[in-house]
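Q: I have a structure here, written as structure tokens, and I will follow up with some questions on it.
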Amino acid sequence: MTQDYIFGFNTLYNFFFEIITNTINSTIVSWILPNFSFNPGWIAYILSALTISFLIFNAALMGAAVYTWFERRIMAKFQGRYGPNRWGPFGLLQPIADGIKSITKEDIIPTGADRVVFTIAPIVMMIPGLLVFAFIPGHINSMLGKINVGIAFVFGVTGMNTIAVIMAGWASRNKYAMFGAMRSAAMLITYEVPMALAIAGVILLSGSMSFNGIIEAQKIPFIVTQPIAFLVYMICATAEMSRAPFDMIEAESELGGGYHTEYSGMKFAILQISEFMAPIVQSALCVVLFLGGFNGPDFIPGILWISLKIVLVLFILLWTRSTWPRLRVDQIMELAWKYLLPLALLNILLIATEMTIFDITQSTSLWIMGIINWATILFILAFLSLFKNFNKKTVQQKY
Amino acid sequence: MPIKTEPTIINLGPQHPSTHGVFRLRVSFDGEKVINVEPVFGYLHRGTEKLAEERTFTQIVTLTDRLDYESSMTNNLAYVEAVELLANVSVPERAQYLRVLVSELQRIASHLIFTGFFLQELGVFGTLLMYCFRERENVLDLFEMLCGARITVSYMRPGGVTQDAPPEFWKNLDDLLNKLPQLLDDLENLITDNEIVLARTKNIGILSPQKAIDSSVTGPILRASGIEWDIRKANPYEAYDKMDFNIPTGSNGDCFDRYLVRIKEIRESINIIKQCIKSIPKKGPIKNSEVPFFLRPESGEVYSSIESPRGELGFYLVSDGGIAPYRCKIRSPSFINLTVLKPLLIGWKMSDLVVIFGSLAVNMGEVDR
Amino acid sequence: MFGFGLLKALWVTIKNFILPSRFNAYQYPDRKLDPVSLAQKEQKNFFLFILQSPIKVLKSLMGLISNKEYVPRNPRFRGQDFKWYIERCTGCASCAKYCPLGIIEIQTSSSHDRVTEGEKYNIDVFDIDIGRCMFCGLCVEACPYDALHMGSGFEEATYSRNNLIINVETLKSAPKKPSTWFRPQLEAQGYNPQKDKEVPWNEVGRHVTLNKTEQGNRWIRKS
Ligand code: SF4
Ligand code: SF4
């Protein structure tokens, strides 16, 4: 297990703590104040924590930057193109070129825009995405912020996204942006409900709200035992990060960009980075909740397992993104309230009933649970057949 | 006390991702619903009809390339037909077959663009567009082989066509015809059964047959409303009377039918091209050698029209016996089809607006002329 | 129905993702070389090449080696840079007359000192404003002596519009690789302007080259 800890934050923390303590001891204490008894513990504590957060946040930003490259390459491959391949090996330096481009661009604030809100909005958009990274465990107990209500915290924080989008849309004083912001207000809030309910099943089964507890409870990944929750969660997650088929917030073909229509330069880059961070965050959550997190055969360290699974989920998201068209506003709402919400409730009901019947500590009973739940996928097929009823009610209104 | 509300007015265009060129729609929205539409166009006006009055009859061919830049071949054909009628010029048989062949190729290319943008407007950013453009590229390669240009072809001349097809042309044409059905199957698998596409397009933007006839809509839009009207059958020009093909029609007249009719038309076009290859005379002149460059038809007037990918494309020419037409009027299908835009759009949501407008497949080069 | 349509769509896209035959994009202006084509370019056996220069192979795998390549065009491609043979041009100005835009300017002066038969006008000015040209090829079609031909280039961007006017000097010095558009005689030779050598002036015409006696006989009326 020690080899796993090389990547853990705890060892990292200890490492920095030792270095900083020693430096402080050897500089301040021995040179400046030789006759002064001084315990550098708390300074070292703060400094090492700051160092690690700095490292992790930058890693997150780097991850988003690399993800832009990944997305463009994969999407291009789906479309029979090359994607960025000019800068560096495999075009990997493209994000840096993009960054330089956005920094050197003029930063335009439209006349009549609310300058303060316009400026703050990208920052508000960025912070929640970064904060979540503090709670994704790379291995047992190796995370930056150790709290026992991880899920609740993460959901509270990612909910901030909506506010940022509305701020950006409102402040830019552009009707397209306003349309996008209004749509996002409706959609993001709607989809929090089935998403939270889908996770309720996970919490029920694992009996814990901390990510560690959930991952440890997954002797069999929850995708096997709770396929319905997984499906509902994935649909809601795509909606939350406003990707196709739920990308009506940006809707290039309708709104020409949505809430970030008026942004340019570095502000636009920040909005883009936080937007590209959303898929990473959501697929990391998905991996933690349903795919067993860092669990996996021991020959690869846990942090690599979790990254591999994240990449897999990202690929599937890109795959659907480049295949499926976008739903209309009312259809998206209909999907959430009429189909996803009952399904999530059904899932809770199923799990709760099964938990009283079976002994969930036994893996055989877990497998039986899984089989029963997969059988209910038939219901889901029936539910998908309801898609054809979508358009029956759409009639042209008279004006 | 009721709160006073006002509709939001948005200018969709002239620069907008889904207006297909420079077109402006002043739309009033009540929330997401469209309550009024006011099309504004003329941003691409180049005065083609006026310019034509100062060009010789052959030189005008180059102007017609630029009308509907997605289907230059059929524009060429429509114009050249009118001139031939005016000057009473006969066309050699091989040239007739070549004309049918290239105009069907052009129909395929044009409908492929439509299909690509159709899904683009529904929200798949680029995937299907790239597939369609990939195949359209092959058609354009054939055009390049034939006449040296891909878009602005200027291939036809009064009395024939400029050049005969080189031997590689026939080989590549066979390749293309073998490959196309596979692509069409791909397209149909991607779109036709797709539940999201069905939800977005079925029963959306319905154009009733009566309304379609009243507004003199032509082309695939008319056929999607269930009316079997195709100038290739109704008034056969060139070699179309020797071809055997069906006219696909829709049943509902909604956006989905307009897509389906076009896909079926591509299959029919492949069929026509195959017949062409079979029955084209192996040798023979491709141009009536009696037609001079500075053609001087006797004074008179003609109207002649053909079935372009977008509908009935007609040219009305008046000659006063000079080297240039006295008046040239173009009946462009896109412009006439746009007249149904307002009743089609009002009452639908913003997302539907984009799809309905896309399904009309107007081309701004042709609308503004 | 039942969501199978969605799955079918996914199947189509993944097919396009995996199958290399569906991949159809041309890199321009330079192409990243994969190891196979790099070995071909260096004219070496592929396996030997891997053994000899593994670093190059690695580099090309990472997409660091590129080669300047032009988009292949068909021999009939109507492009920029008109090919004009001063030896053939008589200064008849048919091309100028036929041009729909009137962008060809020709000025000639009679060459009184050269009175032998077959001589012609001096061409002082032959300007084509290719900034306005639409490459319709009507001028080429019009030329009765096959003196003017289309070229096959398309990368003529400059910083000033004036540079886009090509005059006698540029026309004279341009490499004589005419496009085969409206030139069946070149097509019959299987000429390809992208690959083949320059064509001398006495080979581009549709007329047969006559020897001296034949040329003399041409002007004798035989009845
Ligand atoms: S190609 Fe056409 S536009 Fe250009 S010079 Fe010749 S005739 Fe004029
Ligand atoms: S290029 Fe041809 S058409 Fe033009 S002046 Fe010379 S000979 Fe006459």
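Chain labels follow the order of the structure tokens: the first chain is A, the next B, and so on; residue numbering restarts at 1 in every chain, and ligands are counted from 1 in their shown order.
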Residues of chain C within 12 Å of chain A, counting only C-alpha atoms, what are they? List them as a ChimeraX atom specification.

A: /C:1-34,58-66

Q: Can I get the selection written as a PDB file, in the first residue's frame, with C-alpha atoms?

A:
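The result, stored in selection-v1.pdb:
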ATOM      1  CA  MET C   1     -38.472   3.544 -31.021  1.00  0.00           C
ATOM      2  CA  PHE C   2     -37.667   2.500 -27.449  1.00  0.00           C
ATOM      3  CA  GLY C   3     -34.488   4.518 -27.698  1.00  0.00           C
ATOM      4  CA  PHE C   4     -33.015   2.207 -30.320  1.00  0.00           C
ATOM      5  CA  GLY C   5     -32.785   5.115 -32.730  1.00  0.00           C
ATOM      6  CA  LEU C   6     -30.461   6.871 -30.310  1.00  0.00           C
ATOM      7  CA  LEU C   7     -28.295   3.767 -30.015  1.00  0.00           C
ATOM      8  CA  LYS C   8     -28.228   3.357 -33.784  1.00  0.00           C
ATOM      9  CA  ALA C   9     -26.991   6.920 -34.105  1.00  0.00           C
ATOM     10  CA  LEU C  10     -24.246   6.172 -31.587  1.00  0.00           C
ATOM     11  CA  TRP C  11     -23.240   3.149 -33.645  1.00  0.00           C
ATOM     12  CA  VAL C  12     -22.885   5.286 -36.779  1.00  0.00           C
ATOM     13  CA  THR C  13     -20.638   7.820 -35.106  1.00  0.00           C
ATOM     14  CA  ILE C  14     -18.387   5.246 -33.479  1.00  0.00           C
ATOM     15  CA  LYS C  15     -18.048   3.566 -36.853  1.00  0.00           C
ATOM     16  CA  ASN C  16     -16.822   6.837 -38.259  1.00  0.00           C
ATOM     17  CA  PHE C  17     -14.510   7.200 -35.266  1.00  0.00           C
ATOM     18  CA  ILE C  18     -12.815   3.861 -35.768  1.00  0.00           C
ATOM     19  CA  LEU C  19     -12.799   3.137 -39.489  1.00  0.00           C
ATOM     20  CA  PRO C  20      -9.900   4.921 -41.192  1.00  0.00           C
ATOM     21  CA  SER C  21     -11.680   4.745 -44.547  1.00  0.00           C
ATOM     22  CA  ARG C  22     -14.258   7.217 -43.264  1.00  0.00           C
ATOM     23  CA  PHE C  23     -11.557   9.695 -42.455  1.00  0.00           C
ATOM     24  CA  ASN C  24     -11.290  12.254 -45.155  1.00  0.00           C
ATOM     25  CA  ALA C  25      -9.396  15.431 -44.490  1.00  0.00           C
ATOM     26  CA  TYR C  26      -6.468  16.940 -46.291  1.00  0.00           C
ATOM     27  CA  GLN C  27      -3.825  18.814 -44.369  1.00  0.00           C
ATOM     28  CA  TYR C  28      -2.815  22.074 -45.925  1.00  0.00           C
ATOM     29  CA  PRO C  29      -0.375  23.856 -46.427  1.00  0.00           C
ATOM     30  CA  ASP C  30       1.891  21.282 -44.818  1.00  0.00           C
ATOM     31  CA  ARG C  31       1.159  17.730 -43.912  1.00  0.00           C
ATOM     32  CA  LYS C  32       2.243  15.898 -40.780  1.00  0.00           C
ATOM     33  CA  LEU C  33       4.113  12.818 -41.897  1.00  0.00           C
ATOM     34  CA  ASP C  34       3.492   9.442 -40.334  1.00  0.00           C
ATOM     35  CA  LEU C  58       9.266   8.775 -32.615  1.00  0.00           C
ATOM     36  CA  LYS C  59       9.134  12.398 -33.652  1.00  0.00           C
ATOM     37  CA  SER C  60       6.901  11.684 -36.595  1.00  0.00           C
ATOM     38  CA  LEU C  61       4.635   9.578 -34.392  1.00  0.00           C
ATOM     39  CA  MET C  62       4.211  12.609 -32.172  1.00  0.00           C
ATOM     40  CA  GLY C  63       3.405  14.718 -35.193  1.00  0.00           C
ATOM     41  CA  LEU C  64       6.497  16.897 -35.122  1.00  0.00           C
ATOM     42  CA  ILE C  65       7.668  16.347 -38.695  1.00  0.00           C
ATOM     43  CA  SER C  66       5.771  18.074 -41.440  1.00  0.00           C
TER      44      SER C  66
END

Q: What's around Gly102 in chain C at 12 Å? Count only C-alpha atoms, leave out sequence neighbours fewer than 2 positions away in its own chain, and write the answer as a list in words.

A: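 Final neighbour list, sorted by chain and number: Glu54, Arg55 and Gln59 of chain B; Ala93, Ser94, Cys95, Ala96, Lys97, Tyr98, Cys99, Pro100, Ile104, Glu105, Ile106, Asp127, Ile128, Asp129, Ile130, Arg132, Cys133, Met134, Leu138 and Cys139 of chain C.
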
Q: Counting only C-alpha atoms and all ligand atoms, which residues in chain C sit no more than 7 Å from ligand 2? For each one, give the nearest pair of atoms and the distance in Å, sorted by chain then residue number, as a Markdown table.

A:
| residue | atom | partner | partner_atom_place_in_ligand_line | distance |
| --- | --- | --- | --- | --- |
| C:Trp84 | CA | ligand 2 | 1 (S) | 6.7 |
| C:Arg88 | CA | ligand 2 | 7 (S) | 6.5 |
| C:Cys89 | CA | ligand 2 | 6 (Fe) | 3.7 |
| C:Thr90 | CA | ligand 2 | 7 (S) | 4.6 |
| C:Gly91 | CA | ligand 2 | 5 (S) | 3.7 |
| C:Cys92 | CA | ligand 2 | 8 (Fe) | 3.9 |
| C:Ala93 | CA | ligand 2 | 5 (S) | 3.8 |
| C:Ser94 | CA | ligand 2 | 3 (S) | 4.1 |
| C:Cys95 | CA | ligand 2 | 3 (S) | 4.1 |
| C:Ala96 | CA | ligand 2 | 4 (Fe) | 6.5 |
| C:Cys139 | CA | ligand 2 | 3 (S) | 6.8 |
| C:Ala142 | CA | ligand 2 | 3 (S) | 5.9 |
| C:Cys143 | CA | ligand 2 | 3 (S) | 3.5 |
| C:Pro144 | CA | ligand 2 | 2 (Fe) | 5.9 |
| C:Tyr145 | CA | ligand 2 | 7 (S) | 5.2 |
| C:Asp146 | CA | ligand 2 | 2 (Fe) | 6.1 |
| C:Ala147 | CA | ligand 2 | 2 (Fe) | 4.8 |
| C:Leu148 | CA | ligand 2 | 1 (S) | 4.6 |

Q: Any chance you could list, as number ranges by chain, the residues in range 173-321 of chain A that come up helix (DSSP H, G or I) when DSSP is run on the backbone?

A: A: 175-206, 211-217, 222-225, 227-240, 252-255, 258-260, 265-290, 302-321

Q: For Ile123 in chain C, please output as an MDAnalysis selection string all residues within 7 Å (counting only C-alpha atoms; exclusion window: fewer than 6 positions along the same chain).

A: chainID C and resid 91 107:109

Q: Restricting the output to N, CA, C and O atoms, write the selected residues as an mmCIF file, in the first residue's frame.

A:
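As a result, part.cif now contains:
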data_model
loop_
_atom_site.group_PDB
_atom_site.id
_atom_site.type_symbol
_atom_site.label_atom_id
_atom_site.label_comp_id
_atom_site.auth_asym_id
_atom_site.auth_seq_id
_atom_site.Cartn_x
_atom_site.Cartn_y
_atom_site.Cartn_z
ATOM 1 N N GLY C 91 -2.222 39.798 -80.593
ATOM 2 C CA GLY C 91 -2.780 41.071 -80.175
ATOM 3 C C GLY C 91 -4.162 41.320 -80.740
ATOM 4 O O GLY C 91 -4.566 42.459 -80.939
ATOM 5 N N GLN C 107 -2.577 46.776 -75.391
ATOM 6 C CA GLN C 107 -2.183 47.862 -76.280
ATOM 7 C C GLN C 107 -1.145 47.311 -77.243
ATOM 8 O O GLN C 107 -0.178 46.683 -76.823
ATOM 9 N N THR C 108 -1.363 47.573 -78.509
ATOM 10 C CA THR C 108 -0.416 47.062 -79.492
ATOM 11 C C THR C 108 0.113 48.208 -80.334
ATOM 12 O O THR C 108 -0.497 49.266 -80.422
ATOM 13 N N SER C 109 1.253 47.976 -80.943
ATOM 14 C CA SER C 109 1.753 48.926 -81.932
ATOM 15 C C SER C 109 2.170 48.120 -83.152
ATOM 16 O O SER C 109 2.675 47.005 -83.025
#

Q: Write out as an NGL selection string each polymer residue whose atoms come within 9 Å of range 268-274 of chain A, counting only C-alpha atoms; drop sequence neighbours fewer than 3 positions from it.

A: :A and (61 or 64-65 or 68 or 98-99 or 102-103 or 107 or 121-123 or 125-130 or 260 or 262-265 or 277-278)

Q: If DSSP is run on the backbone, what residues of chain C are strand (DSSP E)? A reply as a VMD selection string would be ideal.

A: chain C and resid 30 to 32 66 to 68 79 to 84 104 to 109 122 to 129 148 to 151 165 to 166

Q: Using only C-alpha atoms and all ligand atoms, what table do you get, as CSV, when you list each residue of chain B with an atom no more than 12 Å from ligand 1, its nearest pair of atoms, and their distance in Å rounded to one decimal, rows by chain then rising number?

A:
residue,atom,partner,partner_atom_place_in_ligand_line,distance
B:Thr58,CA,ligand 1,7 (S),11.2
B:Gln59,CA,ligand 1,7 (S),8.7
B:Ile60,CA,ligand 1,2 (Fe),11.5
B:Val61,CA,ligand 1,2 (Fe),11.2
B:Thr62,CA,ligand 1,2 (Fe),8.4
B:Leu63,CA,ligand 1,3 (S),10.9
B:Gly148,CA,ligand 1,1 (S),11.6
B:Ala149,CA,ligand 1,1 (S),11.5
B:Thr152,CA,ligand 1,2 (Fe),11.2
B:Val153,CA,ligand 1,2 (Fe),11.7
B:Ser154,CA,ligand 1,2 (Fe),10.1

Q: Show which residues sit within 12 Å of Glu84 in chain B, as JSON, numbers by chain. Count only C-alpha atoms, and ignore same-chain residues fewer than 2 positions away.

A: {"B": [57, 58, 77, 78, 79, 80, 81, 82, 86, 87, 88, 89, 90, 91, 156, 157, 158, 159, 160, 237, 238, 288, 291, 295, 296, 297, 298, 301, 302, 303, 304, 315, 317]}

Q: Do a neighbour search on Gly180 in chain A at 6 Å with only C-alpha atoms, toss out local chain neighbours closer than 4 positions, and write the hits as a list in words.

A: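 Residues meeting the cut-off are Ile249, Gly258 and Tyr259 of chain A.
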
Q: C:Lys68, C:Lys177, C:His149, C:Arg183: which is nearest chain B, counting only C-alpha atoms?

A: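 Distance minimum relative to chain B lands on C:Arg183.
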
Q: Find the residues of chain B in contact range of chain A, meaning any atom within 10 Å when counting only C-alpha atoms, and list them as a ChimeraX atom specification.

A: /B:8-12,15-19,31-36,117,119-131,134,190-191,194-206,344-355

Q: Would you kindly return, as a list of chain:residue names, each protein, DNA or RNA residue with an atom no farther than 7 Å from any atom of Leu222 in chain B, considering only C-alpha atoms and excluding same-chain residues fewer than 5 positions away?

A: B:Ala212, B:Val217, B:Ile227

Q: Report, in Å to a single decimal, how far apart CA of Ile272 in chain B and CA of Leu184 in chain B are.

A: 16.2 Å

Q: From the set B:Lys242, B:Lys211, B:Lys282, B:Arg262, which residue has the shortest atom-to-atom contact distance to Arg223 in chain B, counting only C-alpha atoms?

A: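 Using only C-alpha atoms, Arg223 in chain B sits closest to B:Arg262.
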
Q: Kindly indicate which residue among B:Asn178, B:Asn138, B:Ser71, B:Asn189 lies nearest to chain C, using only C-alpha atoms for the distances.

A: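 Once distances to chain C are computed over only C-alpha atoms, the minimum belongs to B:Asn189.
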
Q: Just give me the gap between CA of Glu49 in chain B and CA of Val367 in chain B in Å, one decimal is fine.

A: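 Those two atoms sit 12.4 Å apart.
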